[in-house]
Amino acid sequence: MNLIDETAEIAEDVELGPFAVIGAGVIIGAGTRIGAHVVIHAGTVLGAGCEIQDGAVLGKSPTLARSSTAPSAPLAPLSIADRAVVCCGAIVFAGARLGDGVIVGDQTYVRERAEIGAITVIGRGSTVDNDVRIGARAKIQTDVYVTAYSVVEDDVFVGPGVCMTNDSTMSRHDSSYALRGPTLRRACRVGGGVVLTPGVDVGEEAFVAAGAVVTKDVPARTVVMGVPARAVRKVGDKDLLDRWR
Amino acid sequence: MNLIDETAEIAEDVELGPFAVIGAGVIIGAGTRIGAHVVIHAGTVLGAGCEIQDGAVLGKSPTLARSSTAPSAPLAPLSIADRAVVCCGAIVFAGARLGDGVIVGDQTYVRERAEIGAITVIGRGSTVDNDVRIGARAKIQTDVYVTAYSVVEDDVFVGPGVCMTNDSTMSRHDSSYALRGPTLRRACRVGGGVVLTPGVDVGEEAFVAAGAVVTKDVPARTVVMGVPARAVRKVGDKDLLDRWR
Amino acid sequence: MNLIDETAEIAEDVELGPFAVIGAGVIIGAGTRIGAHVVIHAGTVLGAGCEIQDGAVLGKSPTLARSSTAPSAPLAPLSIADRAVVCCGAIVFAGARLGDGVIVGDQTYVRERAEIGAITVIGRGSTVDNDVRIGARAKIQTDVYVTAYSVVEDDVFVGPGVCMTNDSTMSRHDSSYALRGPTLRRACRVGGGVVLTPGVDVGEEAFVAAGAVVTKDVPARTVVMGVPARAVRKVGDKDLLDRWR
């Protein structure tokens, strides 16, 4: 009921769901559970105590468009640390790294060379594009688009439907042009449906209200709102992260 | 070519697609069709004349983040009434209830304790989060995010890409804080790309124009637009639901 | 490990992944690769040198809501030209046509009678609804919603999270009412998170800034921004497509 390559190294107590496909050289740690119809491509390394749910695809390689500027060098294997969970129908690429206890939600998508820190949650249906770095304990909600080359620091909250962009020219540039995703600094909060333009920097403990369009940097501890987003006040002491964790 | 638990109760004329997985105690009514690679988790109850398309996953349990405030009590089985359709790649959780003739679109997502009334359609790729109540004959379009604890009454229209939010603190609150999703009253219409802030109430037969950000309650029969949304006129008699159904 | 209908015509060198399901009369050209858990419904025609990745579903028929106004006439088979790629978990309907070298991204969705021109890329998670026409070399980014009856001409760029709408009445109309999607003219660019209202025309080489809500036609070579979108300047000679391709 499974198709397991003979070179895969699977700990004895791993639970393997029906119709799973495990490729060459895959390593799966103790106590990990693999659901039905999961596909794990060659070389993927999975820690102990992980859960990979029905229909997830791990370790696939990117399909780059002819015009893509994403690097095409060979990728390291996908590496998933202990206790991570990849939910139903999610896709995580070769070259990505998921930290301890990360949750990748259902139908979610994580590309090559993305790094996601411990305990961070990526919500249902969200995209973490290539070469993104996300810190620890971040909360990325549902249907978020984290564009390539973005940086999301520790303890950031990103509301549902947030859309990040990284190319002010919309594809009218030469090969020397560097795509620039937003940088979301430690413990900032970005509300639902917010649009972030290329390269904006959202400061530590800043607060971007739902529906804003952020077109320039947001200073630390500043509340911004509107289209384009404007500063309206400071984040109060009682709303800082240390008060609530 | 299937994996069917011996305790499942499957009506004689059910069509079962290849590589389907049916768990313990699942009940499937007469005339229901199950596609390829479908996974139905233990205990799920499916009515008669339903259609469950390729790759759908029914009855999975939630994976709650350590910091999640969603209740973690044991869930009732997923219950799907007669003539409901769950399209390709959709995921519907244990504890949800789908009414008669509901359509859950392709790649769509419905969480635990969500209740969806008869004939309602949830569009492709949309999310219905935990503890949402949706009435009958509602039309939820493509890529909508219905956040936890929202209420959507009968005959509501929600345009594509609408994003609802339920936490004004963005995760800076204690356990006594109640998440509040929007309430969309009977026969209101919410346009494409609209953002709804936590707890707003959109009145009966109200009309929210595409792209608006709704930050306060919308009175019944009122047309609002803009960021933030402001009232611009009343909905005319000729545009009320009774004229068109 | 596969289920292949005996009437399917599959070229000798086709690679077929495990647990794939190939329906009656399917034709697959030379050198095409089919991943694990792929489902290809009856009648689908695939060219040479294509790649269909894990879990993709090809050639499914639509499930129309009782109230849907989409035509329900019998569909032509899904036709996929040489060198096209359909990525993991994508769904492409019967009646659609994909041109030479098209890439349909992971978890993406293309409906009946959609036509997509050569070399065009449809990004991860995007929707191309029924009866859409997309030209050649277009770049549709991540999580875009291209609504039914839209027209996207050659060389158009559509940023992530763009939401198009086609029904100003939000379902309060009779059967004589024609849904009108936007028309995006040759080489225009539409930024991330933009909302387009029904029937708007975005001119050749126009530029719509991220986060705008477009409520009326955009003249050729015009830069617009804001809510509602207003013209702010012309696109300079150095930013026209011919300079960059």
# chains A, B, ... in the order shown; residues from 1 in each chain; ligands from 1

$ residues_around --residues "segment 195-206 of chain C" --least-positions-apart "4" --cutoff "8 Å" --atoms "only C-alpha atoms" --output "short mmCIF file (atom, residue, chain, number, x, y, z; two decimals) with all heavy atoms, in the first residue's frame"
data_model
loop_
_atom_site.label_atom_id
_atom_site.label_comp_id
_atom_site.auth_asym_id
_atom_site.auth_seq_id
_atom_site.Cartn_x
_atom_site.Cartn_y
_atom_site.Cartn_z
N GLY B 192 -15.93 42.39 -3.75
CA GLY B 192 -14.62 41.76 -3.87
C GLY B 192 -13.53 42.54 -3.16
O GLY B 192 -13.48 43.77 -3.21
N GLY B 193 -12.64 41.84 -2.49
CA GLY B 193 -11.47 42.45 -1.88
C GLY B 193 -11.75 43.29 -0.65
O GLY B 193 -10.84 43.98 -0.15
N ALA B 210 -16.82 47.01 -3.62
CA ALA B 210 -15.53 46.33 -3.76
C ALA B 210 -14.39 47.21 -3.26
O ALA B 210 -14.35 48.41 -3.50
CB ALA B 210 -15.31 45.97 -5.23
N GLY B 211 -13.46 46.60 -2.55
CA GLY B 211 -12.26 47.30 -2.11
C GLY B 211 -12.40 48.12 -0.85
O GLY B 211 -11.43 48.72 -0.38
N VAL C 162 -4.01 40.03 -6.65
CA VAL C 162 -4.96 40.88 -7.39
C VAL C 162 -6.32 40.17 -7.45
O VAL C 162 -6.40 38.97 -7.66
CB VAL C 162 -4.43 41.18 -8.81
CG1 VAL C 162 -5.52 41.80 -9.68
CG2 VAL C 162 -3.21 42.09 -8.72
N CYS C 163 -7.38 40.95 -7.25
CA CYS C 163 -8.74 40.41 -7.21
C CYS C 163 -9.60 41.10 -8.26
O CYS C 163 -9.75 42.32 -8.23
CB CYS C 163 -9.32 40.65 -5.82
SG CYS C 163 -11.00 40.05 -5.62
N MET C 164 -10.14 40.33 -9.18
CA MET C 164 -10.98 40.88 -10.25
C MET C 164 -12.44 40.50 -9.97
O MET C 164 -12.71 39.43 -9.45
CB MET C 164 -10.54 40.33 -11.60
CG MET C 164 -9.05 40.53 -11.87
SD MET C 164 -8.55 40.02 -13.54
CE MET C 164 -6.75 39.91 -13.31
N THR C 165 -13.35 41.37 -10.37
CA THR C 165 -14.78 41.11 -10.14
C THR C 165 -15.54 41.31 -11.45
O THR C 165 -15.08 42.02 -12.36
CB THR C 165 -15.33 42.04 -9.05
OG1 THR C 165 -15.15 43.40 -9.47
CG2 THR C 165 -14.60 41.84 -7.73
N ASN C 166 -16.72 40.69 -11.54
CA ASN C 166 -17.44 40.73 -12.81
C ASN C 166 -18.94 40.94 -12.69
O ASN C 166 -19.67 40.82 -13.68
CB ASN C 166 -17.15 39.46 -13.63
CG ASN C 166 -17.67 38.20 -12.94
OD1 ASN C 166 -18.41 38.28 -11.96
ND2 ASN C 166 -17.28 37.05 -13.45
N ASP C 167 -19.42 41.27 -11.50
CA ASP C 167 -20.88 41.37 -11.31
C ASP C 167 -21.20 42.55 -10.39
O ASP C 167 -21.17 42.42 -9.17
CB ASP C 167 -21.40 40.06 -10.73
CG ASP C 167 -22.90 40.08 -10.49
OD1 ASP C 167 -23.55 41.09 -10.82
OD2 ASP C 167 -23.42 39.08 -9.96
N SER C 168 -21.53 43.68 -10.97
CA SER C 168 -21.81 44.88 -10.17
C SER C 168 -23.05 44.72 -9.30
O SER C 168 -23.22 45.45 -8.33
CB SER C 168 -22.02 46.09 -11.09
OG SER C 168 -20.85 46.36 -11.81
N LEU C 179 -22.23 39.01 -17.23
CA LEU C 179 -21.08 39.24 -16.36
C LEU C 179 -19.95 39.83 -17.20
O LEU C 179 -19.71 39.40 -18.33
CB LEU C 179 -20.62 37.91 -15.74
CG LEU C 179 -21.65 37.21 -14.84
CD1 LEU C 179 -21.11 35.84 -14.43
CD2 LEU C 179 -21.96 38.05 -13.62
N ARG C 180 -19.26 40.84 -16.64
CA ARG C 180 -18.19 41.47 -17.39
C ARG C 180 -16.93 41.52 -16.55
O ARG C 180 -16.83 42.30 -15.60
CB ARG C 180 -18.58 42.91 -17.77
CG ARG C 180 -19.72 42.97 -18.77
CD ARG C 180 -19.83 44.40 -19.33
NE ARG C 180 -19.77 45.37 -18.25
CZ ARG C 180 -19.15 46.55 -18.33
NH1 ARG C 180 -18.53 46.90 -19.46
NH2 ARG C 180 -19.14 47.39 -17.32
N GLY C 181 -15.94 40.69 -16.89
CA GLY C 181 -14.65 40.76 -16.22
C GLY C 181 -13.85 41.93 -16.75
O GLY C 181 -14.20 42.55 -17.76
N PRO C 182 -12.77 42.27 -16.09
CA PRO C 182 -11.88 43.31 -16.60
C PRO C 182 -11.19 42.88 -17.90
O PRO C 182 -11.09 41.69 -18.20
CB PRO C 182 -10.83 43.47 -15.49
CG PRO C 182 -11.47 42.91 -14.27
CD PRO C 182 -12.36 41.79 -14.76
N THR C 183 -10.72 43.88 -18.64
CA THR C 183 -9.85 43.64 -19.78
C THR C 183 -8.50 44.28 -19.50
O THR C 183 -8.43 45.49 -19.24
CB THR C 183 -10.45 44.25 -21.06
OG1 THR C 183 -11.69 43.60 -21.33
CG2 THR C 183 -9.51 44.08 -22.25
N LEU C 184 -7.46 43.47 -19.50
CA LEU C 184 -6.10 44.00 -19.27
C LEU C 184 -5.37 44.00 -20.60
O LEU C 184 -5.08 42.94 -21.17
CB LEU C 184 -5.36 43.13 -18.24
CG LEU C 184 -6.11 42.90 -16.91
CD1 LEU C 184 -5.19 42.16 -15.93
CD2 LEU C 184 -6.60 44.19 -16.31
N ARG C 185 -5.10 45.18 -21.10
CA ARG C 185 -4.53 45.31 -22.45
C ARG C 185 -3.03 44.98 -22.46
O ARG C 185 -2.34 45.08 -21.46
CB ARG C 185 -4.75 46.74 -22.96
CG ARG C 185 -6.19 47.15 -23.03
CD ARG C 185 -6.90 46.59 -24.23
NE ARG C 185 -8.33 46.97 -24.21
CZ ARG C 185 -9.25 46.37 -24.95
NH1 ARG C 185 -8.94 45.39 -25.78
NH2 ARG C 185 -10.51 46.75 -24.86
N ARG C 186 -2.54 44.75 -23.67
CA ARG C 186 -1.16 44.34 -23.91
C ARG C 186 -0.14 45.09 -23.04
O ARG C 186 -0.15 46.32 -23.00
CB ARG C 186 -0.82 44.57 -25.39
CG ARG C 186 0.54 44.03 -25.83
CD ARG C 186 0.93 44.54 -27.21
NE ARG C 186 1.06 45.99 -27.20
CZ ARG C 186 2.13 46.63 -26.72
NH1 ARG C 186 3.16 45.97 -26.25
NH2 ARG C 186 2.15 47.95 -26.73
N ALA C 187 0.66 44.33 -22.33
CA ALA C 187 1.82 44.86 -21.62
C ALA C 187 1.47 45.81 -20.48
O ALA C 187 2.32 46.56 -20.02
CB ALA C 187 2.79 45.53 -22.59
N CYS C 188 0.23 45.80 -20.03
CA CYS C 188 -0.05 46.59 -18.83
C CYS C 188 0.47 45.84 -17.61
O CYS C 188 0.78 44.65 -17.67
CB CYS C 188 -1.53 46.92 -18.70
SG CYS C 188 -2.58 45.54 -18.22
N ARG C 189 0.60 46.59 -16.51
CA ARG C 189 1.09 46.01 -15.25
C ARG C 189 0.13 46.39 -14.12
O ARG C 189 -0.23 47.57 -13.98
CB ARG C 189 2.49 46.55 -14.93
CG ARG C 189 3.56 46.08 -15.91
CD ARG C 189 4.88 46.78 -15.65
NE ARG C 189 4.90 48.15 -16.16
CZ ARG C 189 5.87 49.04 -15.92
NH1 ARG C 189 6.91 48.70 -15.15
NH2 ARG C 189 5.81 50.25 -16.43
N GLY C 211 -2.13 48.02 -4.31
CA GLY C 211 -3.14 48.42 -3.34
C GLY C 211 -4.24 49.30 -3.90
O GLY C 211 -5.17 49.67 -3.17
N ALA C 212 -4.18 49.64 -5.17
CA ALA C 212 -5.21 50.50 -5.75
C ALA C 212 -6.53 49.75 -5.91
O ALA C 212 -6.56 48.52 -6.02
CB ALA C 212 -4.75 51.02 -7.12
N VAL C 213 -7.63 50.52 -5.95
CA VAL C 213 -8.94 49.98 -6.29
C VAL C 213 -9.38 50.69 -7.58
O VAL C 213 -9.64 51.90 -7.58
CB VAL C 213 -9.97 50.20 -5.17
CG1 VAL C 213 -11.35 49.70 -5.59
CG2 VAL C 213 -9.52 49.48 -3.90
N VAL C 214 -9.42 49.94 -8.66
CA VAL C 214 -9.67 50.52 -9.98
C VAL C 214 -11.16 50.48 -10.27
O VAL C 214 -11.74 49.40 -10.41
CB VAL C 214 -8.89 49.75 -11.07
CG1 VAL C 214 -9.18 50.34 -12.45
CG2 VAL C 214 -7.40 49.78 -10.76
N THR C 215 -11.78 51.66 -10.35
CA THR C 215 -13.23 51.74 -10.52
C THR C 215 -13.63 52.28 -11.89
O THR C 215 -14.81 52.31 -12.22
CB THR C 215 -13.85 52.65 -9.45
OG1 THR C 215 -13.24 53.93 -9.55
CG2 THR C 215 -13.61 52.08 -8.06
N LYS C 216 -12.64 52.76 -12.66
CA LYS C 216 -12.96 53.17 -14.03
C LYS C 216 -11.78 52.87 -14.94
O LYS C 216 -10.71 52.51 -14.46
CB LYS C 216 -13.36 54.65 -14.09
CG LYS C 216 -12.33 55.57 -13.50
CD LYS C 216 -12.86 57.00 -13.49
CE LYS C 216 -11.74 57.94 -13.04
NZ LYS C 216 -12.17 59.34 -12.98
N ASP C 217 -11.98 53.02 -16.24
CA ASP C 217 -10.95 52.62 -17.19
C ASP C 217 -9.65 53.38 -16.97
O ASP C 217 -9.65 54.57 -16.59
CB ASP C 217 -11.44 52.86 -18.62
CG ASP C 217 -12.61 51.93 -18.99
OD1 ASP C 217 -12.91 51.00 -18.21
OD2 ASP C 217 -13.20 52.16 -20.05
N VAL C 218 -8.56 52.71 -17.22
CA VAL C 218 -7.24 53.31 -17.10
C VAL C 218 -6.70 53.53 -18.52
O VAL C 218 -6.55 52.56 -19.27
CB VAL C 218 -6.28 52.39 -16.31
CG1 VAL C 218 -4.89 53.01 -16.23
CG2 VAL C 218 -6.84 52.10 -14.93
N PRO C 219 -6.41 54.79 -18.90
CA PRO C 219 -5.90 55.01 -20.26
C PRO C 219 -4.54 54.35 -20.47
O PRO C 219 -3.79 54.11 -19.52
CB PRO C 219 -5.77 56.55 -20.33
CG PRO C 219 -6.63 57.07 -19.22
CD PRO C 219 -6.58 56.04 -18.15
N ALA C 220 -4.20 54.12 -21.71
CA ALA C 220 -2.92 53.53 -22.06
C ALA C 220 -1.76 54.35 -21.47
O ALA C 220 -1.84 55.58 -21.36
CB ALA C 220 -2.79 53.45 -23.58
N ARG C 221 -0.71 53.68 -21.09
CA ARG C 221 0.53 54.30 -20.61
C ARG C 221 0.34 55.21 -19.41
O ARG C 221 1.17 56.08 -19.14
CB ARG C 221 1.22 55.09 -21.72
CG ARG C 221 2.03 54.23 -22.65
CD ARG C 221 2.91 55.05 -23.56
NE ARG C 221 4.02 55.71 -22.88
CZ ARG C 221 5.08 56.20 -23.50
NH1 ARG C 221 5.18 56.09 -24.83
NH2 ARG C 221 6.04 56.80 -22.83
N THR C 222 -0.73 55.03 -18.67
CA THR C 222 -1.01 55.88 -17.52
C THR C 222 -0.71 55.14 -16.22
O THR C 222 -1.03 53.97 -16.10
CB THR C 222 -2.48 56.31 -17.56
OG1 THR C 222 -2.73 56.95 -18.81
CG2 THR C 222 -2.81 57.25 -16.42
N VAL C 223 -0.08 55.87 -15.29
CA VAL C 223 0.13 55.34 -13.95
C VAL C 223 -1.01 55.79 -13.06
O VAL C 223 -1.29 56.99 -12.96
CB VAL C 223 1.47 55.85 -13.35
CG1 VAL C 223 1.65 55.34 -11.91
CG2 VAL C 223 2.65 55.44 -14.23
N VAL C 235 3.62 56.57 -18.04
CA VAL C 235 4.74 55.63 -18.02
C VAL C 235 5.81 56.16 -18.97
O VAL C 235 5.52 56.48 -20.13
CB VAL C 235 4.26 54.23 -18.46
CG1 VAL C 235 5.44 53.28 -18.63
CG2 VAL C 235 3.26 53.67 -17.46
N LEU C 240 8.83 51.11 -21.01
CA LEU C 240 7.98 50.34 -21.92
C LEU C 240 8.58 48.95 -22.13
O LEU C 240 9.78 48.74 -22.00
CB LEU C 240 7.83 51.07 -23.25
CG LEU C 240 7.13 52.43 -23.15
CD1 LEU C 240 7.06 53.09 -24.53
CD2 LEU C 240 5.74 52.30 -22.53
N LEU C 241 7.69 48.03 -22.48
CA LEU C 241 8.11 46.64 -22.56
C LEU C 241 9.27 46.41 -23.52
O LEU C 241 10.19 45.63 -23.23
CB LEU C 241 6.93 45.77 -22.99
CG LEU C 241 7.27 44.29 -23.18
CD1 LEU C 241 7.68 43.65 -21.87
CD2 LEU C 241 6.10 43.53 -23.78
#

$ interface_residues --of "chain C" --to "chain A" --cutoff "9 Å" --atoms "only C-alpha atoms" --output "PDB file with C-alpha atoms, in the first residue's frame"
ATOM      1  CA  MET C   1       0.672   0.870  -8.628  1.00  0.00           C
ATOM      2  CA  PRO C  18       2.840   5.768  -8.459  1.00  0.00           C
ATOM      3  CA  PHE C  19      -0.880   5.702  -7.710  1.00  0.00           C
ATOM      4  CA  ALA C  36       2.494  10.543  -8.036  1.00  0.00           C
ATOM      5  CA  HIS C  37      -1.238  10.573  -7.303  1.00  0.00           C
ATOM      6  CA  ASP C  54       2.202  15.147  -7.856  1.00  0.00           C
ATOM      7  CA  GLY C  55      -1.457  15.319  -7.002  1.00  0.00           C
ATOM      8  CA  VAL C  85       3.906  22.154 -16.826  1.00  0.00           C
ATOM      9  CA  CYS C  87       2.518  21.817 -10.846  1.00  0.00           C
ATOM     10  CA  CYS C  88       1.636  19.973  -7.638  1.00  0.00           C
ATOM     11  CA  GLY C  89      -1.955  19.927  -6.536  1.00  0.00           C
ATOM     12  CA  ILE C 103       3.258  26.844 -16.460  1.00  0.00           C
ATOM     13  CA  GLY C 105       1.699  26.795 -10.618  1.00  0.00           C
ATOM     14  CA  ASP C 106       1.322  24.658  -7.536  1.00  0.00           C
ATOM     15  CA  GLN C 107      -2.196  24.522  -6.019  1.00  0.00           C
ATOM     16  CA  ILE C 119       4.775  30.635 -22.276  1.00  0.00           C
ATOM     17  CA  THR C 120       2.349  32.301 -19.875  1.00  0.00           C
ATOM     18  CA  VAL C 121       2.865  31.548 -16.194  1.00  0.00           C
ATOM     19  CA  ARG C 124       0.897  29.472  -7.180  1.00  0.00           C
ATOM     20  CA  GLY C 125      -2.620  29.324  -5.813  1.00  0.00           C
ATOM     21  CA  LYS C 139       2.927  36.682 -15.857  1.00  0.00           C
ATOM     22  CA  THR C 142       0.710  34.263  -6.685  1.00  0.00           C
ATOM     23  CA  ASP C 143      -2.883  34.089  -5.353  1.00  0.00           C
ATOM     24  CA  PHE C 157       1.954  41.406 -15.575  1.00  0.00           C
ATOM     25  CA  VAL C 158      -0.516  40.797 -12.731  1.00  0.00           C
ATOM     26  CA  GLY C 159       0.914  41.147  -9.228  1.00  0.00           C
ATOM     27  CA  PRO C 160       0.186  38.883  -6.271  1.00  0.00           C
ATOM     28  CA  GLY C 161      -3.213  38.905  -4.640  1.00  0.00           C
ATOM     29  CA  ARG C 189       1.086  46.015 -15.252  1.00  0.00           C
ATOM     30  CA  VAL C 190      -1.208  45.601 -12.241  1.00  0.00           C
ATOM     31  CA  GLY C 191       0.350  45.780  -8.772  1.00  0.00           C
ATOM     32  CA  GLY C 192      -0.026  43.537  -5.757  1.00  0.00           C
ATOM     33  CA  GLY C 193      -3.345  43.536  -3.909  1.00  0.00           C
ATOM     34  CA  ALA C 209       0.170  50.774  -8.293  1.00  0.00           C
ATOM     35  CA  ALA C 210      -0.049  48.186  -5.517  1.00  0.00           C
ATOM     36  CA  GLY C 211      -3.141  48.423  -3.345  1.00  0.00           C
ATOM     37  CA  ALA C 212      -5.213  50.505  -5.752  1.00  0.00           C
ATOM     38  CA  GLY C 226      -5.044  54.977  -4.658  1.00  0.00           C
ATOM     39  CA  VAL C 227      -8.634  54.265  -3.655  1.00  0.00           C
ATOM     40  CA  ASP C 239       9.770  51.618 -18.834  1.00  0.00           C
ATOM     41  CA  LEU C 240       7.979  50.337 -21.920  1.00  0.00           C
ATOM     42  CA  LEU C 241       8.111  46.636 -22.564  1.00  0.00           C
ATOM     43  CA  ARG C 243      13.102  48.185 -23.623  1.00  0.00           C
ATOM     44  CA  TRP C 244      13.145  45.116 -21.375  1.00  0.00           C
ATOM     45  CA  ARG C 245      12.343  42.014 -23.286  1.00  0.00           C
TER      46      ARG C 245
END

$ residues_around --residues "Val45 of chain A" --least-positions-apart "5" --cutoff "9 Å" --atoms "only C-alpha atoms" --output "list in words"
Gly25, Val26, Ile27, Ile28, Gly29, Pro77, Leu78, Ser79, Ile80 and Ala81 of chain A

$ write_last_selection --atoms "C-alpha atoms" --output "CSV table (one decimal), in the first residue's frame"
chain,number,residue,atom,x,y,z
A,25,GLY,CA,17.7,8.5,0.7
A,26,VAL,CA,14.9,10.0,2.7
A,27,ILE,CA,15.5,9.9,6.5
A,28,ILE,CA,12.6,9.9,8.9
A,29,GLY,CA,13.1,10.1,12.7
A,77,PRO,CA,17.7,18.6,0.9
A,78,LEU,CA,14.6,19.8,2.7
A,79,SER,CA,15.3,19.7,6.4
A,80,ILE,CA,12.5,19.4,8.9
A,81,ALA,CA,13.4,19.6,12.6

$ residues_around --residues "Gly23 of chain C" --least-positions-apart "3" --cutoff "7 Å" --atoms "only C-alpha atoms" --output "PyMOL selection string"
chain C and resi 4-5+8+26+40-42

$ residues_around --residues "Ala70 of chain C" --least-positions-apart "4" --cutoff "9 Å" --atoms "only C-alpha atoms" --output "list in words"
Leu64, Asn130, Asp131 and Ala148 of chain C

$ select_by_dssp --residues "segment 15-218 of chain C" --states "strand (DSSP E)" --output "VMD selection string"
chain C and resid 15 to 16 21 to 22 27 to 28 33 to 34 39 to 40 45 to 46 51 to 52 57 to 60 79 to 80 85 to 86 91 to 93 97 to 98 103 to 104 109 to 110 115 to 116 121 to 122 127 to 128 133 to 134 139 to 140 145 to 146 151 to 152 157 to 158 163 to 164 183 to 184 189 to 190 195 to 196 201 to 202 207 to 208 213 to 214
